[in-house]
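**Q** protein.csv is reproduced below (CSV, C-alpha atoms).
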chain,number,residue,atom,x,y,z
C,1,MET,CA,166.8,135.2,-175.7
C,2,ALA,CA,163.9,134.0,-173.5
C,3,GLN,CA,161.2,136.5,-172.6
C,4,VAL,CA,162.3,139.2,-170.2
C,5,SER,CA,160.0,141.9,-169.0
C,6,GLU,CA,159.4,145.0,-171.1
C,7,GLN,CA,161.2,147.1,-168.5
C,8,THR,CA,164.3,145.0,-168.5
C,9,ALA,CA,164.4,145.1,-172.3
C,10,LEU,CA,164.0,148.9,-172.3
C,11,MET,CA,166.7,149.3,-169.6
C,12,LEU,CA,169.1,147.1,-171.6
C,13,ALA,CA,168.4,149.2,-174.7
C,14,VAL,CA,169.4,152.3,-172.6
C,15,ARG,CA,172.5,150.6,-171.2
C,16,ASP,CA,173.8,149.0,-174.4
C,17,ARG,CA,172.6,151.3,-177.1
C,18,ARG,CA,171.9,154.6,-175.3
C,19,ASP,CA,168.4,154.4,-176.7
C,20,LYS,CA,166.6,157.6,-175.9
C,21,ALA,CA,163.1,156.4,-177.0
C,22,ALA,CA,163.5,153.4,-174.5
C,23,PHE,CA,164.6,155.9,-171.8
C,24,SER,CA,161.5,158.1,-172.5
C,25,ARG,CA,159.2,155.1,-171.9
C,26,LEU,CA,161.0,154.2,-168.7
C,27,PHE,CA,160.5,157.8,-167.6
C,28,ASP,CA,156.8,157.6,-168.3
C,29,HIS,CA,156.6,154.5,-166.2
C,30,PHE,CA,158.7,155.4,-163.2
C,31,ALA,CA,158.5,159.3,-162.9
C,32,PRO,CA,154.9,159.5,-161.6
C,33,ARG,CA,155.5,156.6,-159.1
C,34,LEU,CA,158.8,158.1,-157.9
C,35,LYS,CA,157.1,161.5,-157.4
C,36,ALA,CA,154.3,159.9,-155.4
C,37,VAL,CA,156.9,158.2,-153.1
C,38,ILE,CA,159.0,161.2,-152.7
C,39,MET,CA,156.0,163.4,-151.7
C,40,ARG,CA,155.1,160.9,-149.0
C,41,SER,CA,157.8,162.2,-146.7
C,42,GLY,CA,156.4,165.7,-147.0
C,43,THR,CA,158.4,167.0,-149.9
C,44,GLY,CA,156.5,169.6,-152.0
C,45,SER,CA,155.5,168.9,-155.6
C,46,GLY,CA,158.1,171.2,-157.1
C,47,GLN,CA,161.0,169.8,-155.2
C,48,ALA,CA,159.8,166.3,-155.7
C,49,GLU,CA,159.9,166.8,-159.5
C,50,GLU,CA,163.4,168.1,-159.2
C,51,ILE,CA,164.4,165.0,-157.4
C,52,VAL,CA,162.6,162.8,-159.9
C,53,GLN,CA,164.6,164.5,-162.7
C,54,GLU,CA,167.9,163.9,-160.8
C,55,VAL,CA,166.9,160.2,-160.2
C,56,MET,CA,166.1,159.6,-163.9
C,57,LEU,CA,169.2,161.4,-165.0
C,58,THR,CA,171.2,159.1,-162.8
C,59,VAL,CA,169.4,156.1,-164.3
C,60,TRP,CA,170.6,157.3,-167.7
C,61,ARG,CA,174.1,158.1,-166.6
C,62,LYS,CA,174.8,155.1,-164.5
C,63,ALA,CA,173.0,152.7,-166.8
C,64,ASP,CA,176.2,150.7,-167.3
C,65,GLN,CA,175.9,149.6,-163.6
C,66,PHE,CA,172.5,148.0,-164.2
C,67,ASP,CA,172.9,144.2,-163.9
C,68,PRO,CA,169.7,142.3,-164.9
C,69,GLU,CA,171.2,139.1,-163.4
C,70,ARG,CA,171.1,140.7,-160.0
C,71,ALA,CA,168.3,143.2,-159.9
C,72,GLN,CA,165.0,144.0,-161.5
C,73,VAL,CA,164.8,147.5,-163.0
C,74,SER,CA,162.3,148.6,-160.3
C,75,ALA,CA,164.8,147.5,-157.5
C,76,TRP,CA,167.6,149.4,-159.2
C,77,VAL,CA,165.5,152.5,-159.7
C,78,TYR,CA,164.4,152.4,-156.0
C,79,GLN,CA,168.0,152.2,-154.9
C,80,ILE,CA,169.0,155.2,-157.0
C,81,ALA,CA,166.0,157.1,-155.8
C,82,ARG,CA,166.7,156.6,-152.1
C,83,ASN,CA,170.4,157.7,-152.7
C,84,ARG,CA,169.5,160.8,-154.7
C,85,GLN,CA,166.7,161.9,-152.5
C,86,ILE,CA,169.1,161.9,-149.5
C,87,ASP,CA,171.8,163.6,-151.5
C,88,VAL,CA,169.5,166.4,-152.6
C,89,LEU,CA,167.7,166.9,-149.3
C,90,ARG,CA,170.7,166.7,-147.0
C,91,LYS,CA,173.1,168.2,-149.6
C,92,GLU,CA,175.7,165.5,-148.9
C,93,SER,CA,176.3,162.2,-150.6
C,94,ARG,CA,175.5,159.2,-148.5
C,95,PRO,CA,178.1,156.4,-148.0
C,96,VAL,CA,177.7,153.6,-150.5
C,97,PRO,CA,179.5,150.2,-150.7
C,98,GLU,CA,182.3,149.5,-153.1
C,99,ALA,CA,180.8,148.5,-156.4
C,100,LEU,CA,181.3,145.0,-157.6
C,101,LYS,CA,182.7,144.6,-161.1
C,102,HIS,CA,180.5,143.0,-163.6
C,103,GLU,CA,181.1,142.1,-167.2
C,104,THR,CA,178.7,143.9,-169.6
C,105,GLU,CA,180.4,142.5,-172.7
C,106,ASN,CA,179.1,139.0,-172.0
C,107,GLU,CA,175.7,138.1,-173.4
C,108,PRO,CA,173.4,138.3,-170.4
C,109,ASP,CA,172.3,135.0,-169.1
C,110,ALA,CA,168.5,134.8,-169.8
C,111,THR,CA,167.9,132.1,-167.2
C,112,ARG,CA,169.4,134.2,-164.4
C,113,MET,CA,167.5,137.3,-165.6
C,114,LEU,CA,164.3,135.3,-165.6
C,115,ALA,CA,165.0,134.0,-162.1
C,116,VAL,CA,165.3,137.6,-160.9
C,117,GLU,CA,162.0,138.5,-162.5
C,118,GLN,CA,160.3,135.4,-161.1
C,119,GLU,CA,161.4,136.4,-157.6
C,120,ALA,CA,160.1,139.9,-158.0
C,121,GLY,CA,156.8,138.4,-159.0
C,122,HIS,CA,156.7,136.3,-155.9
C,123,LEU,CA,157.6,139.3,-153.8
C,124,ARG,CA,154.7,141.2,-155.3
C,125,GLN,CA,152.3,138.4,-154.5
C,126,ALA,CA,153.5,138.2,-150.9
C,127,LEU,CA,152.8,142.0,-150.7
C,128,GLU,CA,149.3,141.5,-152.0
C,129,ALA,CA,148.7,138.9,-149.3
C,130,LEU,CA,149.3,141.4,-146.6
C,131,SER,CA,146.5,143.1,-144.6
C,132,PRO,CA,146.1,146.8,-145.4
C,133,ASP,CA,147.5,147.7,-142.0
C,134,GLN,CA,150.6,145.5,-142.5
C,135,ARG,CA,151.1,147.0,-145.9
C,136,VAL,CA,151.1,150.5,-144.5
C,137,VAL,CA,153.8,149.6,-142.0
C,138,ILE,CA,156.0,148.0,-144.7
C,139,GLU,CA,155.5,151.0,-147.0
C,140,LYS,CA,156.5,153.4,-144.3
C,141,ALA,CA,159.7,151.4,-143.6
C,142,TYR,CA,160.8,151.2,-147.2
C,143,PHE,CA,159.7,154.7,-148.2
C,144,GLY,CA,161.7,156.4,-145.5
C,145,GLU,CA,159.2,157.1,-142.9
C,146,MET,CA,160.8,154.8,-140.3
C,147,THR,CA,160.9,156.2,-136.8
C,148,HIS,CA,163.9,156.3,-134.6
C,149,GLN,CA,162.3,153.6,-132.5
C,150,ASP,CA,161.9,151.3,-135.5
C,151,ILE,CA,165.6,151.5,-136.1
C,152,HIS,CA,166.3,150.5,-132.5
C,153,ASP,CA,163.8,147.8,-132.3
C,154,ASP,CA,162.4,145.7,-135.1
C,155,THR,CA,159.3,144.2,-133.3
C,156,GLY,CA,157.0,146.6,-135.1
C,157,LEU,CA,157.7,145.4,-138.6
C,158,PRO,CA,155.3,142.6,-139.8
C,159,LEU,CA,157.9,141.1,-142.0
C,160,GLY,CA,156.8,137.4,-141.6
C,161,THR,CA,156.0,136.1,-145.0
C,162,ILE,CA,158.0,138.9,-146.7
C,163,LYS,CA,161.1,137.7,-144.8
C,164,SER,CA,160.7,134.2,-146.1
C,165,ARG,CA,160.3,135.5,-149.6
C,166,ILE,CA,163.4,137.6,-149.3
C,167,ARG,CA,165.4,134.8,-147.8
C,168,LEU,CA,164.5,132.5,-150.7
C,169,GLY,CA,166.1,135.1,-153.0
C,170,LEU,CA,169.2,135.4,-150.9
C,171,GLU,CA,170.7,132.1,-151.7
C,172,ARG,CA,170.6,132.8,-155.4
C,173,LEU,CA,172.0,136.4,-154.9
C,174,ARG,CA,174.8,135.1,-152.7
C,175,HIS,CA,175.7,132.5,-155.4
C,176,GLU,CA,175.7,135.3,-158.0
C,177,LEU,CA,177.9,137.5,-155.9
C,178,LYS,CA,180.4,134.7,-155.3
C,179,GLY,CA,180.7,134.3,-159.0
C,180,LEU,CA,181.5,138.0,-159.4
C,181,ARG,CA,184.1,137.8,-156.7
C,182,ALA,CA,185.8,135.0,-158.4
C,183,GLU,CA,186.3,136.9,-161.7
F,184,MET,CA,191.5,134.4,-141.6
F,185,LYS,CA,188.1,133.2,-140.5
F,186,GLY,CA,185.0,134.6,-142.3
F,187,ILE,CA,182.7,137.4,-141.1
F,188,GLU,CA,180.5,136.1,-138.3
F,189,HIS,CA,178.8,139.2,-136.9
F,190,HIS,CA,176.5,141.0,-139.4
F,191,ILE,CA,174.4,144.1,-139.8
F,192,PRO,CA,170.9,143.5,-138.1
F,193,GLU,CA,168.1,143.3,-140.7
F,194,ARG,CA,166.2,146.4,-139.4
F,195,LEU,CA,169.4,148.5,-140.0
F,196,LEU,CA,169.8,147.1,-143.5
F,197,ILE,CA,166.2,148.1,-144.3
F,198,ALA,CA,166.7,151.6,-142.8
F,199,TYR,CA,169.9,151.9,-144.9
F,200,ALA,CA,168.1,150.8,-148.0
F,201,ALA,CA,165.3,153.3,-147.3
F,202,GLY,CA,167.7,156.1,-146.5
F,203,THR,CA,166.5,156.6,-142.9
F,204,LEU,CA,169.7,155.5,-141.2
F,205,PRO,CA,171.8,158.3,-139.7
F,206,LYS,CA,175.0,159.1,-141.6
F,207,GLY,CA,177.5,157.4,-139.2
F,208,PHE,CA,175.6,154.1,-139.2
F,209,SER,CA,175.3,154.3,-143.0
F,210,LEU,CA,179.0,154.5,-143.2
F,211,VAL,CA,179.4,151.3,-141.1
F,212,VAL,CA,176.7,149.5,-143.3
F,213,ALA,CA,178.5,150.6,-146.5
F,214,ALA,CA,181.9,149.5,-145.2
F,215,HIS,CA,180.5,146.1,-144.0
F,216,VAL,CA,178.6,145.5,-147.2
F,217,SER,CA,181.8,146.2,-149.2
F,218,MET,CA,183.3,143.2,-147.4
F,219,CYS,CA,180.3,140.9,-146.8
F,220,ASP,CA,178.5,139.1,-149.6
F,221,THR,CA,175.8,137.9,-147.1
F,222,CYS,CA,174.8,141.4,-146.2
F,223,ARG,CA,175.2,142.6,-149.8
F,224,ALA,CA,172.7,140.0,-150.9
F,225,ALA,CA,170.4,140.9,-148.1
F,226,LEU,CA,170.6,144.6,-149.0
F,227,GLU,CA,169.9,143.9,-152.6
F,228,ALA,CA,166.9,141.8,-151.5
F,229,HIS,CA,165.6,144.8,-149.6
F,230,TYR,CA,166.1,146.9,-152.7
F,231,ALA,CA,164.0,144.3,-154.6
F,232,MET,CA,161.3,144.8,-151.9
F,233,GLY,CA,161.5,148.6,-152.3
F,234,GLY,CA,161.2,148.1,-156.1
F,235,ALA,CA,158.1,145.9,-155.7
F,236,LEU,CA,156.5,148.6,-153.5
F,237,LEU,CA,157.5,151.3,-156.0
F,238,GLU,CA,155.7,149.3,-158.8
F,239,LYS,CA,152.5,149.3,-156.6
F,240,GLU,CA,152.7,152.9,-155.7
F,241,GLY,CA,150.0,155.3,-157.0
F,242,LYS,CA,151.0,157.9,-159.6
F,243,ALA,CA,151.5,161.6,-159.1
F,244,ALA,CA,151.3,163.6,-162.4
F,245,VAL,CA,154.6,165.0,-163.5
F,246,SER,CA,154.7,168.2,-165.5
F,247,ASP,CA,155.7,167.9,-169.1
F,248,GLU,CA,158.6,170.5,-168.8
F,249,ILE,CA,160.4,168.1,-166.4
F,250,LYS,CA,160.6,165.5,-169.1
F,251,THR,CA,161.4,167.8,-172.0
F,252,ASP,CA,164.1,169.4,-169.9
F,253,LEU,CA,165.5,166.1,-168.9
F,254,MET,CA,165.6,164.7,-172.4
F,255,ALA,CA,167.5,167.8,-173.5
F,256,ARG,CA,170.1,167.1,-170.7
F,257,LEU,CA,170.9,163.5,-171.7
F,258,ASP,CA,173.8,164.5,-173.9
F,259,GLU,CA,175.4,166.8,-171.3
F,260,PRO,CA,178.7,165.3,-170.0
F,261,ALA,CA,178.2,163.7,-166.6
F,262,PRO,CA,180.2,165.4,-163.9
F,263,GLU,CA,183.3,163.4,-162.7
F,264,GLU,CA,182.7,161.7,-159.5
F,265,PRO,CA,185.7,160.5,-157.6
F,266,VAL,CA,185.6,156.7,-156.9
F,267,PHE,CA,187.5,155.6,-153.7
F,268,GLY,CA,188.7,152.0,-153.5
F,269,ARG,CA,190.0,150.1,-150.5
F,270,ASP,CA,193.4,151.3,-149.2
F,271,GLY,CA,195.1,149.0,-146.7
F,272,PRO,CA,192.5,148.2,-143.9
F,273,TYR,CA,190.2,151.0,-145.0
F,274,PRO,CA,187.2,150.0,-147.3
F,275,GLY,CA,186.2,152.3,-150.1
F,276,PRO,CA,183.4,154.1,-148.3
F,277,VAL,CA,185.8,154.9,-145.3
F,278,MET,CA,188.4,156.2,-147.8
F,279,ALA,CA,185.6,158.4,-149.3
F,280,ALA,CA,184.7,159.7,-145.8
F,281,MET,CA,188.4,160.7,-145.4
F,282,LYS,CA,188.4,162.2,-149.0
F,283,GLY,CA,191.2,159.8,-149.9
F,284,ARG,CA,193.6,160.9,-147.2
F,285,ALA,CA,195.1,158.9,-144.3
F,286,PRO,CA,193.4,159.1,-140.9
F,287,ARG,CA,194.4,162.1,-138.7
F,288,TRP,CA,195.0,160.3,-135.4
F,289,ARG,CA,194.6,162.0,-132.0
F,290,SER,CA,195.9,160.3,-128.9
F,291,LEU,CA,193.4,159.4,-126.1
F,292,GLY,CA,196.2,158.1,-123.9
F,293,ALA,CA,197.5,154.6,-123.1
F,294,GLY,CA,198.3,154.2,-126.8
F,295,VAL,CA,194.6,154.4,-127.8
F,296,LYS,CA,194.0,156.9,-130.7
F,297,GLN,CA,191.0,158.1,-132.5
F,298,SER,CA,190.2,160.0,-135.7
F,299,ILE,CA,186.8,161.6,-135.8
F,300,LEU,CA,185.3,161.3,-139.4
F,301,SER,CA,182.1,163.2,-138.6
F,302,ALA,CA,180.1,164.4,-135.6
F,303,ASP,CA,176.9,166.3,-135.5
F,304,GLU,CA,173.5,166.2,-133.7
F,305,THR,CA,172.6,162.8,-135.3
F,306,GLY,CA,175.7,161.2,-133.8
F,307,SER,CA,179.3,160.6,-134.6
F,308,VAL,CA,181.5,158.2,-136.5
F,309,ARG,CA,185.2,157.7,-135.8
F,310,LEU,CA,188.1,155.4,-136.2
F,311,LEU,CA,189.7,153.9,-133.1
F,312,SER,CA,193.2,152.4,-132.9
F,313,ILE,CA,193.9,150.2,-129.9
F,314,PRO,CA,197.2,148.6,-129.3
F,315,ALA,CA,197.2,144.7,-129.1
F,316,GLY,CA,196.2,143.5,-125.7
F,317,GLN,CA,194.9,147.0,-124.6
F,318,ALA,CA,191.5,147.4,-123.0
F,319,VAL,CA,189.2,150.3,-124.0
F,320,PRO,CA,187.9,152.0,-120.9
F,321,ASP,CA,184.8,150.3,-119.6
F,322,HIS,CA,181.8,152.1,-121.1
F,323,GLY,CA,178.1,151.9,-121.5
F,324,HIS,CA,176.0,153.5,-124.2
F,325,SER,CA,173.1,155.9,-124.1
F,326,GLY,CA,172.2,155.1,-127.6
F,327,LEU,CA,173.0,152.6,-130.3
F,328,GLU,CA,176.6,151.9,-131.2
F,329,LEU,CA,178.0,150.0,-134.1
F,330,THR,CA,181.6,148.9,-134.1
F,331,MET,CA,183.2,147.3,-137.1
F,332,VAL,CA,186.7,145.8,-137.0
F,333,LEU,CA,188.9,146.9,-139.9
F,334,GLN,CA,192.2,145.4,-138.7
F,335,GLY,CA,193.2,143.0,-135.9
F,336,ALA,CA,190.5,141.9,-133.5
F,337,PHE,CA,188.9,142.6,-130.2
F,338,ALA,CA,187.0,140.6,-127.6
F,339,ASP,CA,184.5,141.5,-124.9
F,340,GLU,CA,181.9,139.9,-122.7
F,341,THR,CA,179.8,139.0,-125.7
F,342,GLY,CA,182.3,137.4,-128.0
F,343,THR,CA,185.3,137.8,-130.3
F,344,PHE,CA,185.2,140.2,-133.3
F,345,GLY,CA,187.6,139.9,-136.3
F,346,VAL,CA,188.0,141.9,-139.5
F,347,GLY,CA,184.7,142.7,-141.0
F,348,ASP,CA,182.6,141.8,-137.9
F,349,VAL,CA,180.2,144.4,-136.5
F,350,GLU,CA,179.3,144.6,-132.9
F,351,VAL,CA,175.9,146.1,-132.1
F,352,ALA,CA,175.7,147.7,-128.6
F,353,ASP,CA,172.8,149.4,-126.9
F,354,GLU,CA,171.8,150.7,-123.5
F,355,GLU,CA,171.9,147.3,-122.0
F,356,LEU,CA,175.5,146.5,-122.8
F,357,GLU,CA,178.3,147.5,-120.3
F,358,HIS,CA,181.4,145.9,-121.8
F,359,THR,CA,185.2,146.1,-121.8
F,360,PRO,CA,186.4,145.6,-125.3
F,361,THR,CA,190.0,144.4,-125.3
F,362,ALA,CA,192.2,144.3,-128.4
F,363,ALA,CA,193.4,140.8,-129.2
F,364,PRO,CA,197.1,140.0,-129.4
F,365,GLY,CA,198.7,140.5,-132.8
F,366,ASP,CA,198.0,143.6,-135.0
F,367,THR,CA,196.9,146.9,-133.6
F,368,CYS,CA,193.1,146.8,-133.6
F,369,ILE,CA,191.5,149.4,-135.9
F,370,CYS,CA,187.8,149.9,-135.6
F,371,LEU,CA,185.1,152.0,-137.3
F,372,ALA,CA,182.7,153.1,-134.6
F,373,ALA,CA,179.4,154.9,-135.0
F,374,THR,CA,176.9,156.1,-132.4
F,375,ASP,CA,173.8,158.1,-132.3
F,376,ALA,CA,174.5,159.5,-128.8
F,377,PRO,CA,177.6,160.6,-126.9
F,378,LEU,CA,179.5,157.7,-125.2
F,379,ARG,CA,179.5,157.7,-121.4
F,380,PHE,CA,182.3,156.2,-119.5
F,381,SER,CA,181.7,154.4,-116.2
F,382,GLY,CA,184.8,155.9,-114.5
F,383,PHE,CA,184.8,159.4,-113.1
F,384,LEU,CA,187.8,160.8,-114.8
F,385,PRO,CA,187.0,159.7,-118.4
F,386,ARG,CA,183.6,161.4,-118.0
F,387,VAL,CA,185.3,164.6,-117.2
F,388,LEU,CA,187.5,164.3,-120.2
F,389,GLN,CA,184.7,163.3,-122.5
F,390,PRO,CA,183.9,166.8,-123.8
F,391,PHE,CA,187.6,167.5,-124.2
F,392,PHE,CA,188.2,164.5,-126.4
F,393,GLY,CA,184.9,164.9,-128.2
F,394,ILE,CA,183.9,161.3,-127.5
Would it be possible to restate this file's structure as C-alpha cells?
**A**
Amino acid sequence: MAQVSEQTALMLAVRDRRDKAAFSRLFDHFAPRLKAVIMRSGTGSGQAEEIVQEVMLTVWRKADQFDPERAQVSAWVYQIARNRQIDVLRKESRPVPEALKHETENEPDATRMLAVEQEAGHLRQALEALSPDQRVVIEKAYFGEMTHQDIHDDTGLPLGTIKSRIRLGLERLRHELKGLRAE
Amino acid sequence: MKGIEHHIPERLLIAYAAGTLPKGFSLVVAAHVSMCDTCRAALEAHYAMGGALLEKEGKAAVSDEIKTDLMARLDEPAPEEPVFGRDGPYPGPVMAAMKGRAPRWRSLGAGVKQSILSADETGSVRLLSIPAGQAVPDHGHSGLELTMVLQGAFADETGTFGVGDVEVADEELEHTPTAAPGDTCICLAATDAPLRFSGFLPRVLQPFFGI
C-alpha cells in the first residue's frame, strides 16, 4: 500500500483489528485538541473532559463507519465531536442523515485515500494563508460559535479561497458517493 | 423524475456541520442530505474543513484518569441504537423524529393536514399534507423557513419544487405555495419563528392550530 498518514493507519488498525494501542495513540493526539475546542463555547474543564471521553468512545465503537476513501481521520473525529457535544449538552440526539453503505471487506484503494489526504493538506495551506482576523471568524463558524445572524446571512464569512478549496474536493466526493449509490 | 434542483444554502450546511443549527432546520438538512449527493459531498467537505481546524487547535491538558477510565470501557458492550431507514416518502431522519411511527395528522381545513414533529422556543418542524391543486393560505414569515418536498410537488411565485427540493423563505417572501396536480404534496417544514398568515381569520386561528 502507498504511504498513508500515520493517523489513517492507526484508525484502520482500530477499525479492522480493534487495536487498543493504536486507539491509545489516537486518543493522545485528539483528546487535548477536542477538549480545547469544546471549552471554546464556555463548557467547563470537567464537562469538556466528559464529552471528550464520549467522543473518543464513539470513535472506538463506530470505527466500522470510518471510510478513508471519503474522509480524513480529523474530519471524521470532528463530525463525531460536533454530534456528541450536542447530544450531551442538549440531552437529545440531533438528526443525522441516512448512512451510506460502504464495503469494508474490500482492500482500501490507496490512490483514493491519498487523494483525500492531499486535499486535506491543501485545505490546511489555505487556512494558513488567511489573515488572523479571517481565521478567527472561520474558527467561530466551525467550532459552534456562529451567531443567529450568521445563520440568516452569510456575508460575514470570509470563505473566498477556502470555498474554492472546498469546491475542488466536491467533484471527487460526488464521484465517490455516486459509486456507493451504484453498489 | 427530475433531479433535485433546490439545495441547502452553504451557510446552513456549515451551521449544521458545526452543530449551531436549531433542531428543526437540522432535521431538514439531515432529510435532504439523505437524498442529495451534492449536499452530502458539500457537508463532508465542511467536515474536512472542521477537521483541518481541529488539527490546528491548541491543546488543553486532559487528566490521566479520563484515559484510564476510557481504555477500561472499550470492552463494554455498546448500547443498541435504533436505526431508522426510509419508509415510503419519509427519509430515515424523519422516521427517527417520529420514532418509527406513521405521522399523526391533524386537519387544518380544506383538506390540508399537519403533523407537528417538534415545537419549542427555537422554532418548530412539522409535516404538511396538501391535496393536489390546493393552495396553502398566503403567508409571510417572521423568521427563516425551510420547506422540503417529500412527495408530490408545489409551485409558488419563485419556482417549482419537486421531491427532495428545499425552498428557503425569509421575511421578504410573501408567497402562495400551491400543490401541483398528481400526488398529494407532503412537505417537511421547519421555521425558527411562528408563521403569520396575511388573512385575518387564519391569524386568529394560529394559536389554536399551533402554527
**Q** Wanna dump the chain F-chain C contacts at 8 Å for me, each residue with its shortest atom pair and the distance in Å to one decimal, counting all atoms listed in the file, ordered by chain and number, as CSV?
**A**
residue,atom,partner,partner_atom,distance
F:Arg194,CA,C:Asp154,CA,5.8
F:Leu195,CA,C:Ile151,CA,6.2
F:Ile197,CA,C:Tyr142,CA,6.9
F:Ala198,CA,C:Ile151,CA,6.8
F:Ala200,CA,C:Gln79,CA,7.0
F:Ala201,CA,C:Tyr142,CA,5.0
F:Gly202,CA,C:Arg82,CA,5.7
F:Thr203,CA,C:Gly144,CA,5.5
F:Leu204,CA,C:Ile151,CA,7.7
F:Lys206,CA,C:Arg94,CA,6.9
F:Ser209,CA,C:Pro95,CA,6.1
F:Leu210,CA,C:Pro95,CA,5.2
F:Val212,CA,C:Pro97,CA,7.9
F:Ala213,CA,C:Pro97,CA,4.3
F:Ala214,CA,C:Pro97,CA,6.0
F:His215,CA,C:Pro97,CA,7.9
F:Val216,CA,C:Pro97,CA,5.9
F:Ser217,CA,C:Pro97,CA,4.9
F:Asp220,CA,C:Arg174,CA,6.3
F:Thr221,CA,C:Arg174,CA,6.3
F:Ala224,CA,C:Leu173,CA,5.4
F:Ala225,CA,C:Leu170,CA,6.3
F:Glu227,CA,C:Ala71,CA,7.5
F:Ala228,CA,C:Ile166,CA,5.9
F:His229,CA,C:Ile166,CA,7.5
F:Tyr230,CA,C:Ala75,CA,5.0
F:Ala231,CA,C:Ala75,CA,4.4
F:Met232,CA,C:Leu123,CA,6.9
F:Gly233,CA,C:Tyr142,CA,5.8
F:Gly234,CA,C:Ala75,CA,3.9
F:Ala235,CA,C:Arg124,CA,5.8
F:Leu236,CA,C:Glu139,CA,7.0
F:Leu237,CA,C:Arg33,CA,6.5
F:Glu238,CA,C:Ser74,CA,6.8
F:Glu240,CA,C:Arg33,CA,5.8
F:Gly241,CA,C:Arg33,CA,6.0
F:Lys242,CA,C:Pro32,CA,4.7
F:Ala243,CA,C:Pro32,CA,4.7
F:Ala244,CA,C:Pro32,CA,5.5
F:Val245,CA,C:Pro32,CA,5.8
F:Ile249,CA,C:Gln53,CA,6.7
F:Lys250,CA,C:Gln53,CA,7.6
F:Leu253,CA,C:Gln53,CA,6.5
F:Met254,CA,C:Ser24,CA,7.8
F:Leu257,CA,C:Leu57,CA,7.2
F:Ala261,CA,C:Arg61,CA,6.9
F:Gly268,CA,C:Glu98,CA,6.9
F:Pro274,CA,C:Glu98,CA,7.6
F:Gly275,CA,C:Glu98,CA,5.7
F:Pro276,CA,C:Pro95,CA,5.8
F:Ala279,CA,C:Pro95,CA,7.9
F:Ala280,CA,C:Pro95,CA,7.7
F:Leu327,CA,C:His152,CA,7.4
**Q** Measure the distance from CA of Gly347 (chain F) to CA of Cys368 (chain F) in Å and round it to one decimal.
**A** 11.9 Å
**Q** Would you please work out which residue, of F:Cys370, F:Ile187, F:Cys219, F:Glu264, is nearest to Ser298 (chain F) when using only C-alpha atoms?
**A**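 Counting only C-alpha atoms, the residue closest to Ser298 (chain F) is F:Cys370.
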**Q** Which value, in Å to one decimal, gives the distance between CA of Thr343 (chain F) and CA of Pro360 (chain F)?
**A**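 Those two atoms sit 9.3 Å apart.
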**Q** May I ask for the distance between CA of Thr8 (chain C) and CA of Pro68 (chain C), given in Å to one decimal place?
**A**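 Pair CA of Thr8 (chain C) / CA of Pro68 (chain C) returns 7.0 Å.
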**Q** Within 10 Å of (190.1, 160.2, -139.8), all atoms listed in the file: residues as a PyMOL selection string?
**A** chain F and resi 277-278+280-282+284-289+297-301+308-311+371
**Q** Write to file, as a PDB file, keeping the file's coordinate frame, the residues of the selection just made, with C-alpha atoms.
**A**
ATOM      1  CA  VAL F 277     185.800 154.900-145.300  1.00  0.00           C
ATOM      2  CA  MET F 278     188.400 156.200-147.800  1.00  0.00           C
ATOM      3  CA  ALA F 280     184.700 159.700-145.800  1.00  0.00           C
ATOM      4  CA  MET F 281     188.400 160.700-145.400  1.00  0.00           C
ATOM      5  CA  LYS F 282     188.400 162.200-149.000  1.00  0.00           C
ATOM      6  CA  ARG F 284     193.600 160.900-147.200  1.00  0.00           C
ATOM      7  CA  ALA F 285     195.100 158.900-144.300  1.00  0.00           C
ATOM      8  CA  PRO F 286     193.400 159.100-140.900  1.00  0.00           C
ATOM      9  CA  ARG F 287     194.400 162.100-138.700  1.00  0.00           C
ATOM     10  CA  TRP F 288     195.000 160.300-135.400  1.00  0.00           C
ATOM     11  CA  ARG F 289     194.600 162.000-132.000  1.00  0.00           C
ATOM     12  CA  GLN F 297     191.000 158.100-132.500  1.00  0.00           C
ATOM     13  CA  SER F 298     190.200 160.000-135.700  1.00  0.00           C
ATOM     14  CA  ILE F 299     186.800 161.600-135.800  1.00  0.00           C
ATOM     15  CA  LEU F 300     185.300 161.300-139.400  1.00  0.00           C
ATOM     16  CA  SER F 301     182.100 163.200-138.600  1.00  0.00           C
ATOM     17  CA  VAL F 308     181.500 158.200-136.500  1.00  0.00           C
ATOM     18  CA  ARG F 309     185.200 157.700-135.800  1.00  0.00           C
ATOM     19  CA  LEU F 310     188.100 155.400-136.200  1.00  0.00           C
ATOM     20  CA  LEU F 311     189.700 153.900-133.100  1.00  0.00           C
ATOM     21  CA  LEU F 371     185.100 152.000-137.300  1.00  0.00           C
TER      22      LEU F 371
END
**Q** Excluding same-chain residues fewer than 4 positions from Ile313 (chain F), what lies within 10 Å of it counting only C-alpha atoms, as a PyMOL selection string?
**A** chain F and resi 291+293-297+317-319+335-337+360-363+366-370
**Q** Would you kindly return, as a short mmCIF file (atom, residue, chain, number, x, y, z; two decimals) with C-alpha atoms, in the coordinates of the input, each protein, DNA or RNA residue with an atom no farther than 8 Å from any atom of His190 (chain F), considering all atoms listed in the file and excluding same-chain residues fewer than 4 positions away?
**A**
data_model
loop_
_atom_site.label_atom_id
_atom_site.label_comp_id
_atom_site.auth_asym_id
_atom_site.auth_seq_id
_atom_site.Cartn_x
_atom_site.Cartn_y
_atom_site.Cartn_z
CA HIS F 215 180.50 146.10 -144.00
CA CYS F 222 174.80 141.40 -146.20
CA ASP F 348 182.60 141.80 -137.90
CA VAL F 349 180.20 144.40 -136.50
CA GLU F 350 179.30 144.60 -132.90
#
**Q** Rank C:Leu12, C:Ala22, C:Val137, C:Ala126 by their smallest atom-to-atom distance to Gln65 (chain C), using all atoms listed in the file, and report the top residue only.
**A**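 Closest candidate: C:Leu12.
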**Q** Under the rule that only C-alpha atoms are counted, which of F:Gly186, F:Gly207, F:Gly283, F:Gly306 is the nearest residue to Asp375 (chain F)?
**A**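 Closest to Asp375 (chain F) of all the choices is F:Gly306.
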**Q** Taking the structure I provided as the source, export region 53-62 of chain C with C-alpha atoms, as a tab-separated table (two decimals), in the first residue's frame.
**A**
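Once everything was written out, this is part.tsv:
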chain	number	residue	atom	x	y	z
C	53	GLN	CA	-14.46	10.71	26.65
C	54	GLU	CA	-17.83	10.22	24.95
C	55	VAL	CA	-16.42	11.38	21.60
C	56	MET	CA	-13.45	9.02	21.76
C	57	LEU	CA	-15.66	6.12	22.90
C	58	THR	CA	-17.85	6.78	19.86
C	59	VAL	CA	-14.73	6.80	17.65
C	60	TRP	CA	-13.95	3.32	19.02
C	61	ARG	CA	-17.50	1.98	18.76
C	62	LYS	CA	-18.35	3.39	15.34
